[in-house]
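J.: I'd like to ask you about the structure that follows.
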Amino acid sequence: MSITINIEAQLADLSETVRDEIARLLAGNQASKLLEAMKYSAISGGKYLRPFITYNVGKIFDLSIQDVIVAAASIEIIHCYSLIHDDLPSMDNDDLRRGKPSCHKAFDEATAILAGDALHTFAFEILSSENFNKDAEIRCKVINLLAKSIGMNGMAGGQMFDLQYEQLEVSEEEILTMQKMKTAYLFSVSAEIASILAKSNDIERLAIRNYGLKLGLAFQIIDDVIDVEGTEKHAGKKLGKDELAGKATLVSKFGIDYAKMKAHKLSQEAKSHLLALGDRDYNNLIAIADFVIARSY
């Protein structure tokens, strides 16, 4: 199940829309070094895959474009916060992000920490507002889902495992669990948040959730492949870091070919979950699943 669609053009168009929305949401705040650092990291380059998923799930369910764009912007804000903190010297110690100096290099480490903290809380400020959605129950469901995906049992916990597993021999199951927490859960939420807004049925919501989860895992595995055989110019960040740090990845444990095979399998599984949506138009979601695993080729 593959679809020929110009995904790169669609990603470029949506990224501009989401950047404009983040700029709008941040407008009106008092000018400061902190705000400058927040804008530096949140209104920047990147693929905007997570917002793309949110936006296109929203289209499937005929949601209000404004609601979907605000949700997509919030997801991207959370992602940007995580990148700032991941790049810190105490974490992955990256000096380059999205083709420009990381936040702590462009400003300083303290400012970067605070910018990440501020973006993290700003996303929840947006999602808790009636300006986002008038239904308080829907807002609570969205906030609860997002909070769980990035906390101790999600992104933060996965990052902790990522650091703990350095230089250790761990199983494939442990690697995949860590990568689910660190990366895939936010992909899953990016999809599911739109189904919550649409009040979709349980079958559709589960299908969307599983699509995002499998897609997120495939994305992370290919990211690990790119770290070995990609180019810095294309990736927009320093490469070869995983091997130097002794990161636990499928690439380091089983090799490039196995990792690519696993990513392909997960991408196919992601697309298969969409069949539960019946005759809805999910072609863009199929296309992004193909795009994710083609990034290194």
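In the structure tokens, chains take letters A, B, ... by order of appearance, with residues numbered from 1 within each chain and ligands from 1 in the order shown.
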Please list as a PyMOL selection string every residue within 8 Å of range 180-188 of chain A, counting only C-alpha atoms and excluding residues in the same chain fewer than 5 positions away.
T.: chain A and resi 50+53+146+149-150+153-159+208-217+220
J.: Can you list every residue in range 90-264 of chain A that DSSP puts in helix (DSSP H, G or I), as a ChimeraX atom specification?
T.: /A:103-106,109-127,136-150,155-164,172-197,202-229,232-235,241-245,250-254,256-264
J.: With distances taken over only C-alpha atoms, which of A:Asn29, A:Gln10, A:Thr17, A:Ser102 is nearest to Val70 in chain A?
T.: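 Closest candidate: A:Thr17.
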J.: List as a ChimeraX atom specification the protein and nucleic acid residues near His120 in chain A, meaning an atom at most 9 Å away when only C-alpha atoms are counted, but skip any in the same chain fewer than 5 places from it.
T.: /A:77-82,115
J.: Include N, CA and C atoms and write out the residues we just selected as a CSV table (one decimal), in the first residue's frame.
T.:
chain,number,residue,atom,x,y,z
A,77,ILE,N,5.6,22.7,19.5
A,77,ILE,CA,6.2,23.4,20.6
A,77,ILE,C,6.8,22.4,21.6
A,78,ILE,N,6.1,21.3,21.9
A,78,ILE,CA,6.6,20.3,22.8
A,78,ILE,C,7.8,19.6,22.2
A,79,HIS,N,7.7,19.3,20.9
A,79,HIS,CA,8.9,18.7,20.2
A,79,HIS,C,10.1,19.6,20.3
A,80,CYS,N,9.9,20.9,20.1
A,80,CYS,CA,11.0,21.9,20.2
A,80,CYS,C,11.6,22.0,21.6
A,81,TYR,N,10.8,22.0,22.6
A,81,TYR,CA,11.3,22.0,24.0
A,81,TYR,C,12.2,20.8,24.2
A,82,SER,N,11.8,19.6,23.7
A,82,SER,CA,12.5,18.4,23.9
A,82,SER,C,13.9,18.4,23.2
A,115,ALA,N,14.3,28.2,28.3
A,115,ALA,CA,13.5,28.3,27.0
A,115,ALA,C,12.8,27.0,26.8
J.: Compile a residue-level contact table for range 16-89 of chain A against range 129-132 of chain A at a cut-off of 12 Å, reporting for every qualifying residue the shortest atom pair and its distance in Å to one decimal, with only C-alpha atoms counted, rows ordered by chain and ascending number, as a Markdown table.
T.:
| residue | atom | partner | partner_atom | distance |
| --- | --- | --- | --- | --- |
| A:Leu25 | CA | A:Asn131 | CA | 11.0 |
| A:Ser64 | CA | A:Phe132 | CA | 10.9 |
| A:Ile65 | CA | A:Phe132 | CA | 11.5 |
| A:Gln66 | CA | A:Phe132 | CA | 8.5 |
| A:Asp67 | CA | A:Phe132 | CA | 6.2 |
| A:Val68 | CA | A:Phe132 | CA | 9.2 |
| A:Ile69 | CA | A:Phe132 | CA | 9.8 |
| A:Val70 | CA | A:Phe132 | CA | 6.8 |
| A:Ala71 | CA | A:Phe132 | CA | 7.9 |
| A:Ala72 | CA | A:Phe132 | CA | 11.4 |
| A:Ala73 | CA | A:Phe132 | CA | 11.2 |
| A:Ser74 | CA | A:Phe132 | CA | 10.4 |
J.: From the list A:Ile60, A:Leu83, A:Leu49, A:Ala248, which residue is nearest Leu197 in chain A when using only C-alpha atoms?
T.: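 Looking at the shortest contact to Leu197 in chain A, the residue is A:Ile60.
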J.: With 10 Å as the cut-off and only C-alpha atoms counted, what is the closest atom pair between each nearby residue of range 4-105 of chain A and range 274-283 of chain A? Distances in Å to one decimal, ordered by chain and number, as JSON lines.
T.:
{"residue": "A:Thr4", "atom": "CA", "partner": "A:Asn283", "partner_atom": "CA", "distance": 9.0}
{"residue": "A:Ile5", "atom": "CA", "partner": "A:Asn283", "partner_atom": "CA", "distance": 8.3}
{"residue": "A:Asn56", "atom": "CA", "partner": "A:Tyr282", "partner_atom": "CA", "distance": 7.8}
{"residue": "A:Val57", "atom": "CA", "partner": "A:Tyr282", "partner_atom": "CA", "distance": 7.8}
{"residue": "A:Lys59", "atom": "CA", "partner": "A:Asp281", "partner_atom": "CA", "distance": 8.6}
{"residue": "A:Ile60", "atom": "CA", "partner": "A:Asp281", "partner_atom": "CA", "distance": 6.1}
{"residue": "A:Phe61", "atom": "CA", "partner": "A:Arg280", "partner_atom": "CA", "distance": 8.3}
J.: Using only C-alpha atoms, pick whichever of A:Leu250, A:Ile43, A:Ala37, A:Ile138 has the shortest atom-to-atom distance to Ser171 in chain A.
T.: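 Closest candidate: A:Leu250.
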J.: Neighbouring residues of Leu14 in chain A were defined as those with any atom within 9 Å, considering only C-alpha atoms; residues of the same chain fewer than 3 positions away were excluded. Please report them as a ChimeraX atom specification.
T.: /A:9-11,17-19,48,51-52,55
J.: Neighbouring residues of Ala106 in chain A were defined as those with any atom within 10 Å, considering only C-alpha atoms; residues of the same chain fewer than 6 positions away were excluded. Please report them as a PyMOL selection string.
T.: chain A and resi 37+40-41+95-96+100+112
J.: Mind dumping the selected residues with N, CA and C atoms as a PDB file, in the first residue's frame?
T.:
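Output below, filename result.pdb:
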ATOM      1  N   ALA A  37      14.912  33.332  22.779  1.00  0.00           N
ATOM      2  CA  ALA A  37      15.407  31.949  22.706  1.00  0.00           C
ATOM      3  C   ALA A  37      14.286  30.987  22.349  1.00  0.00           C
ATOM      4  N   TYR A  40      13.655  31.423  18.701  1.00  0.00           N
ATOM      5  CA  TYR A  40      14.795  30.888  17.950  1.00  0.00           C
ATOM      6  C   TYR A  40      14.635  29.388  17.701  1.00  0.00           C
ATOM      7  N   SER A  41      14.144  28.679  18.707  1.00  0.00           N
ATOM      8  CA  SER A  41      14.031  27.222  18.604  1.00  0.00           C
ATOM      9  C   SER A  41      12.695  26.762  18.040  1.00  0.00           C
ATOM     10  N   ASP A  95      25.836  20.498  19.234  1.00  0.00           N
ATOM     11  CA  ASP A  95      26.055  21.923  18.962  1.00  0.00           C
ATOM     12  C   ASP A  95      25.253  22.425  17.764  1.00  0.00           C
ATOM     13  N   LEU A  96      24.649  21.501  17.004  1.00  0.00           N
ATOM     14  CA  LEU A  96      23.948  21.876  15.776  1.00  0.00           C
ATOM     15  C   LEU A  96      22.562  21.253  15.781  1.00  0.00           C
ATOM     16  N   LYS A 100      21.489  24.925  12.278  1.00  0.00           N
ATOM     17  CA  LYS A 100      22.021  26.135  12.910  1.00  0.00           C
ATOM     18  C   LYS A 100      22.443  25.795  14.339  1.00  0.00           C
ATOM     19  N   ALA A 112      18.911  28.271  27.595  1.00  0.00           N
ATOM     20  CA  ALA A 112      18.345  27.135  26.859  1.00  0.00           C
ATOM     21  C   ALA A 112      17.444  26.297  27.763  1.00  0.00           C
TER      22      ALA A 112
END
J.: Pick out each residue of range 31-219 of chain A that DSSP on the backbone tags as strand (DSSP E or B); I need them as number ranges by chain.
T.: A: 96-97, 100-101
J.: If I take CA of Ala194 in chain A and CA of Leu63 in chain A, how far is one from the other in Å, to one decimal?
T.: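 Pair CA of Ala194 in chain A / CA of Leu63 in chain A returns 8.0 Å.
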J.: Calculated over only C-alpha atoms, which of the candidates A:Met160, A:Val170, A:Ile293, A:Ile286 has the smallest distance to Gly246 in chain A?
T.: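 Of all the options, A:Val170 lies closest to Gly246 in chain A.
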J.: Using only C-alpha atoms, which of A:Leu163, A:Leu127, A:Val189, A:Leu114 sits nearest Cys140 in chain A?
T.: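 Going through A:Leu163, A:Leu127, A:Val189, A:Leu114 one by one, the smallest distance to Cys140 in chain A is for A:Leu127.
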J.: Using only C-alpha atoms for the distances, tell me which of A:Glu173, A:Asp87, A:Asp242, A:Glu166 is nearest to Ile113 in chain A.
T.: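 Of A:Glu173, A:Asp87, A:Asp242, A:Glu166, the one nearest Ile113 in chain A, counting only C-alpha atoms, is A:Asp87.
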